[in-house]
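Just target.txt here, compact mmCIF, N, CA and C atoms:
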# COMPACT_ATOMS: atom_id res chain seq x y z
N MET I 19 -10.10 67.99 61.43
CA MET I 19 -10.77 66.73 61.49
C MET I 19 -10.68 65.97 60.16
N VAL I 20 -10.95 66.66 59.05
CA VAL I 20 -10.88 66.05 57.72
C VAL I 20 -9.45 65.66 57.39
N ILE I 21 -8.50 66.48 57.81
CA ILE I 21 -7.09 66.19 57.53
C ILE I 21 -6.67 64.90 58.23
N ILE I 22 -7.19 64.59 59.38
CA ILE I 22 -6.85 63.36 60.10
C ILE I 22 -7.77 62.21 59.66
N GLY I 23 -9.02 62.48 59.38
CA GLY I 23 -10.01 61.44 59.06
C GLY I 23 -9.75 60.73 57.74
N VAL I 24 -9.38 61.45 56.70
CA VAL I 24 -9.14 60.85 55.38
C VAL I 24 -7.97 59.89 55.42
N PRO I 25 -6.79 60.25 55.96
CA PRO I 25 -5.69 59.28 56.02
C PRO I 25 -6.03 58.06 56.89
N VAL I 26 -6.77 58.27 57.99
CA VAL I 26 -7.15 57.15 58.84
C VAL I 26 -8.08 56.21 58.07
N LEU I 27 -9.04 56.76 57.35
CA LEU I 27 -9.97 55.96 56.55
C LEU I 27 -9.22 55.19 55.47
N LEU I 28 -8.28 55.84 54.78
CA LEU I 28 -7.47 55.15 53.77
C LEU I 28 -6.63 54.04 54.40
N GLY I 29 -6.10 54.30 55.59
CA GLY I 29 -5.33 53.28 56.30
C GLY I 29 -6.18 52.09 56.68
N LEU I 30 -7.42 52.33 57.13
CA LEU I 30 -8.32 51.23 57.48
C LEU I 30 -8.70 50.40 56.25
N VAL I 31 -8.93 51.07 55.12
CA VAL I 31 -9.24 50.35 53.88
C VAL I 31 -8.06 49.48 53.47
N PHE I 32 -6.84 50.02 53.58
CA PHE I 32 -5.64 49.26 53.25
C PHE I 32 -5.49 48.04 54.16
N VAL I 33 -5.69 48.22 55.45
CA VAL I 33 -5.60 47.10 56.41
C VAL I 33 -6.68 46.07 56.11
N TRP I 34 -7.89 46.52 55.77
CA TRP I 34 -8.97 45.59 55.45
C TRP I 34 -8.64 44.74 54.22
N GLN I 35 -8.04 45.36 53.21
CA GLN I 35 -7.66 44.60 52.01
C GLN I 35 -6.65 43.53 52.35
N LEU I 36 -5.70 43.81 53.18
CA LEU I 36 -4.72 42.81 53.59
C LEU I 36 -5.34 41.73 54.48
N ALA I 37 -6.14 42.14 55.44
CA ALA I 37 -6.74 41.20 56.39
C ALA I 37 -7.79 40.32 55.73
N SER I 38 -8.53 40.84 54.77
CA SER I 38 -9.58 40.03 54.13
C SER I 38 -8.98 38.86 53.36
N ASN I 39 -7.79 39.04 52.79
CA ASN I 39 -7.12 37.93 52.11
C ASN I 39 -6.70 36.84 53.11
N LEU I 40 -6.31 37.24 54.28
CA LEU I 40 -5.93 36.26 55.29
C LEU I 40 -7.13 35.54 55.86
N LEU I 41 -8.26 36.21 55.92
CA LEU I 41 -9.47 35.61 56.48
C LEU I 41 -10.28 34.85 55.43
N HIS I 42 -9.95 35.03 54.19
CA HIS I 42 -10.69 34.40 53.10
C HIS I 42 -10.56 32.88 53.20
N THR I 43 -11.69 32.21 53.23
CA THR I 43 -11.67 30.74 53.23
C THR I 43 -12.24 30.26 51.91
N GLU I 44 -11.64 29.24 51.39
CA GLU I 44 -12.09 28.69 50.12
C GLU I 44 -12.56 27.27 50.35
N ILE I 45 -13.77 27.01 49.94
CA ILE I 45 -14.29 25.66 50.02
C ILE I 45 -13.95 24.98 48.71
N ALA I 46 -13.10 24.00 48.79
CA ALA I 46 -12.66 23.31 47.59
C ALA I 46 -13.68 22.24 47.22
N VAL I 47 -14.59 22.60 46.34
CA VAL I 47 -15.57 21.64 45.86
C VAL I 47 -14.91 20.90 44.70
N ARG I 48 -14.75 19.63 44.87
CA ARG I 48 -14.05 18.82 43.89
C ARG I 48 -14.99 17.97 43.05
N SER I 49 -16.22 18.41 42.90
CA SER I 49 -17.19 17.64 42.12
C SER I 49 -16.82 17.69 40.64
N ALA I 50 -16.92 16.55 39.99
CA ALA I 50 -16.66 16.49 38.56
C ALA I 50 -17.76 17.22 37.80
N VAL I 51 -17.36 18.07 36.86
CA VAL I 51 -18.33 18.83 36.07
C VAL I 51 -18.12 18.66 34.56
N ALA I 52 -16.99 18.06 34.17
CA ALA I 52 -16.72 17.91 32.74
C ALA I 52 -15.69 16.81 32.51
N ILE I 53 -15.66 16.35 31.27
CA ILE I 53 -14.65 15.38 30.85
C ILE I 53 -13.58 16.16 30.13
N SER I 54 -12.37 16.12 30.67
CA SER I 54 -11.27 16.88 30.11
C SER I 54 -10.82 16.31 28.77
N ARG I 55 -10.63 15.01 28.73
CA ARG I 55 -10.10 14.38 27.51
C ARG I 55 -10.47 12.91 27.48
N VAL I 56 -10.75 12.40 26.29
CA VAL I 56 -11.00 10.99 26.05
C VAL I 56 -10.01 10.55 24.98
N SER I 57 -9.40 9.37 25.15
CA SER I 57 -8.49 8.89 24.12
C SER I 57 -8.64 7.39 23.95
N LEU I 58 -8.31 6.92 22.75
CA LEU I 58 -8.25 5.49 22.44
C LEU I 58 -6.79 5.09 22.43
N GLU I 59 -6.45 4.04 23.16
CA GLU I 59 -5.06 3.60 23.24
C GLU I 59 -4.98 2.11 22.93
N SER I 60 -3.83 1.69 22.48
CA SER I 60 -3.58 0.28 22.22
C SER I 60 -3.34 -0.43 23.53
N ASP I 61 -3.81 -1.67 23.64
CA ASP I 61 -3.62 -2.48 24.84
C ASP I 61 -3.45 -3.93 24.40
N PRO I 62 -2.62 -4.71 25.11
CA PRO I 62 -2.43 -6.11 24.72
C PRO I 62 -3.74 -6.91 24.68
N LEU I 63 -4.74 -6.48 25.46
CA LEU I 63 -6.01 -7.21 25.50
C LEU I 63 -7.05 -6.68 24.51
N GLY I 64 -6.74 -5.58 23.84
CA GLY I 64 -7.69 -4.99 22.90
C GLY I 64 -7.46 -3.51 22.72
N THR I 65 -8.52 -2.75 22.86
CA THR I 65 -8.46 -1.29 22.75
C THR I 65 -8.87 -0.70 24.09
N ARG I 66 -8.13 0.30 24.55
CA ARG I 66 -8.40 0.92 25.85
C ARG I 66 -8.95 2.32 25.64
N VAL I 67 -10.04 2.62 26.34
CA VAL I 67 -10.60 3.97 26.35
C VAL I 67 -10.17 4.61 27.66
N ASP I 68 -9.42 5.70 27.59
CA ASP I 68 -8.97 6.45 28.77
C ASP I 68 -9.72 7.77 28.82
N LEU I 69 -10.11 8.18 30.04
CA LEU I 69 -10.74 9.49 30.17
C LEU I 69 -10.37 10.12 31.50
N VAL I 70 -10.36 11.45 31.50
CA VAL I 70 -10.01 12.24 32.68
C VAL I 70 -11.15 13.22 32.95
N LEU I 71 -11.59 13.27 34.20
CA LEU I 71 -12.65 14.21 34.62
C LEU I 71 -12.03 15.39 35.34
N VAL I 72 -12.66 16.56 35.24
CA VAL I 72 -12.16 17.75 35.90
C VAL I 72 -13.27 18.44 36.69
N ASP I 73 -12.84 19.24 37.68
CA ASP I 73 -13.79 20.03 38.48
C ASP I 73 -13.91 21.42 37.86
N ARG I 74 -14.56 22.34 38.56
CA ARG I 74 -14.82 23.68 38.03
C ARG I 74 -13.57 24.50 37.76
N VAL I 75 -12.47 24.21 38.44
CA VAL I 75 -11.24 24.97 38.21
C VAL I 75 -10.27 24.23 37.29
N GLY I 76 -10.71 23.10 36.71
CA GLY I 76 -9.89 22.38 35.76
C GLY I 76 -8.95 21.36 36.37
N GLN I 77 -9.08 21.10 37.65
CA GLN I 77 -8.23 20.10 38.31
C GLN I 77 -8.83 18.71 38.14
N GLU I 78 -7.97 17.72 37.95
CA GLU I 78 -8.43 16.34 37.82
C GLU I 78 -9.17 15.92 39.08
N THR I 79 -10.26 15.19 38.91
CA THR I 79 -11.05 14.76 40.05
C THR I 79 -11.70 13.42 39.75
N THR I 80 -12.45 12.92 40.71
CA THR I 80 -13.14 11.64 40.60
C THR I 80 -14.62 11.85 40.89
N PHE I 81 -15.39 10.78 40.85
CA PHE I 81 -16.80 10.88 41.22
C PHE I 81 -17.32 9.50 41.56
N ASP I 82 -18.48 9.47 42.18
CA ASP I 82 -19.22 8.24 42.44
C ASP I 82 -20.52 8.32 41.66
N GLY I 83 -20.87 7.25 40.97
CA GLY I 83 -22.11 7.26 40.21
C GLY I 83 -22.05 6.27 39.07
N GLY I 84 -22.74 6.61 37.98
CA GLY I 84 -22.79 5.74 36.82
C GLY I 84 -22.14 6.38 35.61
N MET I 85 -21.66 5.52 34.70
CA MET I 85 -21.01 6.02 33.49
C MET I 85 -21.38 5.10 32.33
N THR I 86 -21.75 5.70 31.21
CA THR I 86 -22.02 4.94 30.00
C THR I 86 -21.00 5.36 28.95
N ILE I 87 -20.32 4.37 28.39
CA ILE I 87 -19.32 4.63 27.34
C ILE I 87 -19.78 3.90 26.09
N LYS I 88 -19.86 4.64 24.98
CA LYS I 88 -20.28 4.06 23.70
C LYS I 88 -19.22 4.39 22.65
N LEU I 89 -18.80 3.38 21.93
CA LEU I 89 -17.80 3.53 20.88
C LEU I 89 -18.45 3.11 19.56
N ARG I 90 -18.43 4.01 18.57
CA ARG I 90 -19.08 3.73 17.28
C ARG I 90 -18.07 3.89 16.16
N GLU I 91 -18.01 2.86 15.30
CA GLU I 91 -17.19 2.93 14.10
C GLU I 91 -18.00 3.57 12.97
N PRO I 92 -17.34 4.06 11.92
CA PRO I 92 -18.08 4.69 10.80
C PRO I 92 -19.07 3.73 10.13
N ASP I 93 -18.80 2.42 10.15
CA ASP I 93 -19.72 1.48 9.51
C ASP I 93 -20.94 1.18 10.38
N GLY I 94 -21.01 1.79 11.57
CA GLY I 94 -22.16 1.62 12.44
C GLY I 94 -21.98 0.61 13.56
N THR I 95 -20.88 -0.12 13.57
CA THR I 95 -20.61 -1.07 14.64
C THR I 95 -20.49 -0.31 15.96
N VAL I 96 -21.21 -0.79 17.00
CA VAL I 96 -21.24 -0.09 18.29
C VAL I 96 -20.84 -1.04 19.40
N TRP I 97 -20.01 -0.54 20.30
CA TRP I 97 -19.69 -1.23 21.55
C TRP I 97 -20.12 -0.28 22.66
N GLN I 98 -20.84 -0.80 23.67
CA GLN I 98 -21.35 0.06 24.74
C GLN I 98 -21.29 -0.68 26.06
N THR I 99 -21.01 0.08 27.13
CA THR I 99 -21.05 -0.46 28.48
C THR I 99 -21.57 0.61 29.42
N THR I 100 -22.29 0.17 30.44
CA THR I 100 -22.74 1.06 31.51
C THR I 100 -22.21 0.48 32.81
N ARG I 101 -21.52 1.30 33.59
CA ARG I 101 -20.87 0.83 34.80
C ARG I 101 -21.14 1.74 35.98
N SER I 102 -21.13 1.14 37.17
CA SER I 102 -21.11 1.92 38.40
C SER I 102 -19.66 2.21 38.72
N VAL I 103 -19.37 3.45 39.06
CA VAL I 103 -17.99 3.89 39.27
C VAL I 103 -17.88 4.54 40.65
N THR I 104 -16.76 4.27 41.33
CA THR I 104 -16.46 4.94 42.59
C THR I 104 -15.15 5.69 42.45
N ALA I 105 -14.86 6.55 43.40
CA ALA I 105 -13.64 7.35 43.36
C ALA I 105 -12.38 6.47 43.33
N THR I 106 -12.46 5.28 43.92
CA THR I 106 -11.28 4.40 43.95
C THR I 106 -10.98 3.78 42.59
N ASP I 107 -11.92 3.86 41.64
CA ASP I 107 -11.69 3.33 40.30
C ASP I 107 -10.79 4.25 39.46
N PHE I 108 -10.58 5.47 39.91
CA PHE I 108 -9.74 6.42 39.19
C PHE I 108 -8.30 6.29 39.69
N VAL I 109 -7.41 5.94 38.78
CA VAL I 109 -6.00 5.71 39.11
C VAL I 109 -5.14 6.42 38.06
N PRO I 110 -3.84 6.57 38.33
CA PRO I 110 -2.97 7.12 37.29
C PRO I 110 -3.03 6.24 36.04
N LEU I 111 -3.25 6.85 34.89
CA LEU I 111 -3.41 6.10 33.65
C LEU I 111 -2.07 5.52 33.21
N PRO I 112 -2.10 4.37 32.53
CA PRO I 112 -0.86 3.68 32.15
C PRO I 112 0.04 4.51 31.24
N SER I 113 1.33 4.23 31.33
CA SER I 113 2.30 4.96 30.50
C SER I 113 2.15 4.54 29.04
N GLY I 114 2.67 5.35 28.17
CA GLY I 114 2.61 5.07 26.75
C GLY I 114 1.41 5.67 26.05
N GLY I 115 0.47 6.22 26.81
CA GLY I 115 -0.72 6.81 26.21
C GLY I 115 -0.68 8.32 26.27
N LEU I 116 -1.63 8.94 25.61
CA LEU I 116 -1.74 10.39 25.58
C LEU I 116 -1.97 10.98 26.97
N LEU I 117 -2.72 10.27 27.81
CA LEU I 117 -3.07 10.76 29.14
C LEU I 117 -2.23 10.10 30.25
N ALA I 118 -1.09 9.55 29.90
CA ALA I 118 -0.25 8.80 30.85
C ALA I 118 0.04 9.61 32.11
N GLY I 119 -0.18 8.96 33.27
CA GLY I 119 0.13 9.57 34.55
C GLY I 119 -0.98 10.42 35.14
N ARG I 120 -1.93 10.83 34.34
CA ARG I 120 -3.04 11.63 34.87
C ARG I 120 -4.03 10.72 35.58
N ALA I 121 -4.70 11.26 36.58
CA ALA I 121 -5.70 10.47 37.32
C ALA I 121 -6.95 10.34 36.45
N GLY I 122 -7.26 9.12 36.08
CA GLY I 122 -8.39 8.92 35.19
C GLY I 122 -8.98 7.53 35.30
N TYR I 123 -9.84 7.21 34.36
CA TYR I 123 -10.55 5.95 34.34
C TYR I 123 -10.29 5.27 33.00
N SER I 124 -10.06 3.96 33.03
CA SER I 124 -9.80 3.20 31.81
C SER I 124 -10.80 2.08 31.66
N VAL I 125 -11.18 1.82 30.43
CA VAL I 125 -12.03 0.69 30.09
C VAL I 125 -11.36 -0.03 28.93
N ILE I 126 -11.17 -1.33 29.07
CA ILE I 126 -10.57 -2.12 27.99
C ILE I 126 -11.68 -2.83 27.23
N ILE I 127 -11.65 -2.66 25.92
CA ILE I 127 -12.59 -3.35 25.04
C ILE I 127 -11.84 -4.55 24.47
N PRO I 128 -12.17 -5.75 24.94
CA PRO I 128 -11.46 -6.94 24.45
C PRO I 128 -11.68 -7.14 22.95
N THR I 129 -10.66 -7.68 22.29
CA THR I 129 -10.78 -7.94 20.85
C THR I 129 -11.90 -8.93 20.56
N THR I 130 -12.24 -9.78 21.52
CA THR I 130 -13.31 -10.76 21.33
C THR I 130 -14.69 -10.11 21.27
N ASP I 131 -14.82 -8.86 21.70
CA ASP I 131 -16.11 -8.16 21.68
C ASP I 131 -16.49 -7.66 20.28
N TRP I 132 -15.53 -7.64 19.36
CA TRP I 132 -15.79 -7.14 18.02
C TRP I 132 -16.03 -8.33 17.08
N MET I 133 -17.03 -8.22 16.21
CA MET I 133 -17.26 -9.27 15.21
C MET I 133 -16.07 -9.31 14.24
N ARG I 134 -15.54 -8.16 13.94
CA ARG I 134 -14.32 -8.05 13.14
C ARG I 134 -13.46 -6.99 13.81
N ALA I 135 -12.16 -7.11 13.70
CA ALA I 135 -11.26 -6.17 14.36
C ALA I 135 -11.44 -4.77 13.77
N PRO I 136 -11.45 -3.73 14.64
CA PRO I 136 -11.52 -2.36 14.12
C PRO I 136 -10.32 -2.06 13.23
N ARG I 137 -10.55 -1.28 12.21
CA ARG I 137 -9.48 -0.93 11.27
C ARG I 137 -8.47 -0.01 11.95
N ARG I 138 -7.20 -0.40 11.93
CA ARG I 138 -6.14 0.40 12.55
C ARG I 138 -6.10 1.78 11.88
N GLY I 139 -6.16 2.82 12.70
CA GLY I 139 -6.16 4.18 12.18
C GLY I 139 -7.54 4.64 11.73
N GLY I 140 -8.52 3.77 11.83
CA GLY I 140 -9.88 4.12 11.44
C GLY I 140 -10.52 5.04 12.46
N ALA I 141 -11.47 5.83 12.01
CA ALA I 141 -12.14 6.79 12.88
C ALA I 141 -13.12 6.09 13.81
N ALA I 142 -13.32 6.68 14.96
CA ALA I 142 -14.30 6.18 15.93
C ALA I 142 -14.90 7.37 16.65
N THR I 143 -16.16 7.25 17.01
CA THR I 143 -16.84 8.26 17.81
C THR I 143 -17.05 7.68 19.19
N ILE I 144 -16.56 8.39 20.21
CA ILE I 144 -16.70 7.93 21.59
C ILE I 144 -17.67 8.87 22.29
N SER I 145 -18.73 8.30 22.86
CA SER I 145 -19.69 9.07 23.65
C SER I 145 -19.57 8.62 25.10
N VAL I 146 -19.45 9.58 26.00
CA VAL I 146 -19.36 9.27 27.43
C VAL I 146 -20.42 10.08 28.16
N ASP I 147 -21.28 9.38 28.91
CA ASP I 147 -22.29 10.02 29.75
C ASP I 147 -21.95 9.73 31.19
N VAL I 148 -21.85 10.77 32.01
CA VAL I 148 -21.50 10.63 33.43
C VAL I 148 -22.70 11.06 34.27
N MET I 149 -23.10 10.20 35.20
CA MET I 149 -24.23 10.48 36.07
C MET I 149 -23.79 10.41 37.53
N PRO I 150 -23.25 11.51 38.09
CA PRO I 150 -22.81 11.50 39.49
C PRO I 150 -24.00 11.33 40.43
N THR I 151 -23.77 10.66 41.55
CA THR I 151 -24.85 10.48 42.54
C THR I 151 -25.15 11.79 43.25
N ASP I 152 -24.21 12.72 43.28
CA ASP I 152 -24.40 13.96 44.04
C ASP I 152 -24.29 15.22 43.19
N GLY I 153 -24.56 15.11 41.91
CA GLY I 153 -24.43 16.30 41.08
C GLY I 153 -25.23 16.19 39.80
N THR I 154 -24.91 17.07 38.87
CA THR I 154 -25.60 17.13 37.60
C THR I 154 -24.89 16.26 36.57
N ALA I 155 -25.65 15.53 35.79
CA ALA I 155 -25.08 14.67 34.75
C ALA I 155 -24.45 15.54 33.65
N PHE I 156 -23.42 14.99 33.00
CA PHE I 156 -22.77 15.67 31.88
C PHE I 156 -22.25 14.62 30.92
N SER I 157 -21.91 15.04 29.72
CA SER I 157 -21.45 14.10 28.71
C SER I 157 -20.51 14.77 27.73
N THR I 158 -19.89 13.95 26.89
CA THR I 158 -19.03 14.46 25.83
C THR I 158 -19.05 13.48 24.67
N VAL I 159 -18.71 13.98 23.51
CA VAL I 159 -18.54 13.15 22.31
C VAL I 159 -17.19 13.52 21.74
N ALA I 160 -16.37 12.50 21.45
CA ALA I 160 -15.04 12.75 20.92
C ALA I 160 -14.81 11.91 19.66
N GLU I 161 -14.07 12.46 18.73
CA GLU I 161 -13.66 11.71 17.53
C GLU I 161 -12.21 11.29 17.74
N GLU I 162 -11.96 10.00 17.66
CA GLU I 162 -10.61 9.46 17.85
C GLU I 162 -10.30 8.48 16.73
N ARG I 163 -9.05 8.06 16.67
CA ARG I 163 -8.60 7.05 15.69
C ARG I 163 -8.19 5.79 16.45
N PHE I 164 -8.54 4.63 15.90
CA PHE I 164 -8.12 3.37 16.51
C PHE I 164 -6.60 3.25 16.44
N PRO I 165 -5.99 2.84 17.55
CA PRO I 165 -4.53 2.71 17.56
C PRO I 165 -4.04 1.54 16.72

Transcribe the structure of this file into structure tokens.
Amino acid sequence: MVIIGVPVLLGLVFVWQLASNLLHTEIAVRSAVAISRVSLESDPLGTRVDLVLVDRVGQETTFDGGMTIKLREPDGTVWQTTRSVTATDFVPLPSGGLLAGRAGYSVIIPTTDWMRAPRRGGAATISVDVMPTDGTAFSTVAEERFP
């Protein structure tokens, strides 16, 4: 009995390991949980802030909700905007930038919004707060250089 039972049990365990992989279902939750990268890029209309959001497995994703973007120069000059964002606002980012081709969100800061033009190559601190309608809020702070 033992001589037949042990190989049969091992065979069943082997079959279960193969079958469980076939039966395994994965729910792909694509909720944004972090900001992958933020960059400052040159734009004919001013300065462009590009950002890419990712889900729990690091894949690019979108979200619906609110977003606050704040750009601060070392001298204390601040530019800030708060916007409502939908998934359709995320598009492949323009070529020529660090994040070119990735699905992301862009905001253009017109040169007219600055009392004086930002110093080319000067440091800037970018703060981004994301408030999804169906998830937990998250944020990031990045140090970038003006293009």

Would you mind writing down, as a ChimeraX atom specification, each residue of stretch 44-164 of chain I that DSSP on the backbone assigns to strand (DSSP E or B)? /I:52-61,64-72,78-79,83-90,96-103,109-110,121-128,141-150,156-163

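Using all atoms listed in the file, the shortest contact distance between I:Ser49 and any of I:Leu111, I:Asp152, I:Tyr123, I:Val24 is found at I:Asp152.
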
For I:Thr99, which of I:Arg48, I:Gly115, I:Arg66, I:Thr86 is the closest residue, counting all atoms listed in the file?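 Of I:Arg48, I:Gly115, I:Arg66, I:Thr86, the one nearest I:Thr99 is I:Thr86, counting all atoms listed in the file.
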
Quick one, how far is atom CA of I:Gly76 from atom C of I:Thr154?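 Atom CA of I:Gly76 sits 16.2 Å away from atom C of I:Thr154.
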
Can you measure atom CA of I:Phe156 to atom CA of I:Arg74 for me? One decimal in Å is fine.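 One can read the atom CA of I:Phe156 to atom CA of I:Arg74 distance as 12.9 Å.
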
Could you tell me how far atom CA of I:Arg137 sits from atom CA of I:Asp68, in Å to one decimal place? 19.0 Å

Give me the residues near I:Ser54 as a ChimeraX atom specification, where near means some atom within 7 Å (using only N, CA and C atoms) and where sequence neighbours in that chain fewer than 2 positions away do not count. /I:52,56,69-72

Given the choices I:Ile127, I:Ala37, I:Arg101, I:Gly83, which gets closest to I:Gly64 if the distance is worked out from all atoms listed in the file?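 Checking each candidate against I:Gly64, we get I:Ile127 as the closest.
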
List the spatial neighbours of I:Phe108 as a PyMOL selection string - criterion: any atom at most 8 Å away, all atoms listed in the file, same-chain residues fewer than 2 positions off excluded. chain I and resi 79-81+103-106+110-111+120-124

What's around I:Ala141 at 7 Å? Count all atoms listed in the file, leave out sequence neighbours fewer than 2 positions away in its own chain, and write the answer as a count of residues only. 11
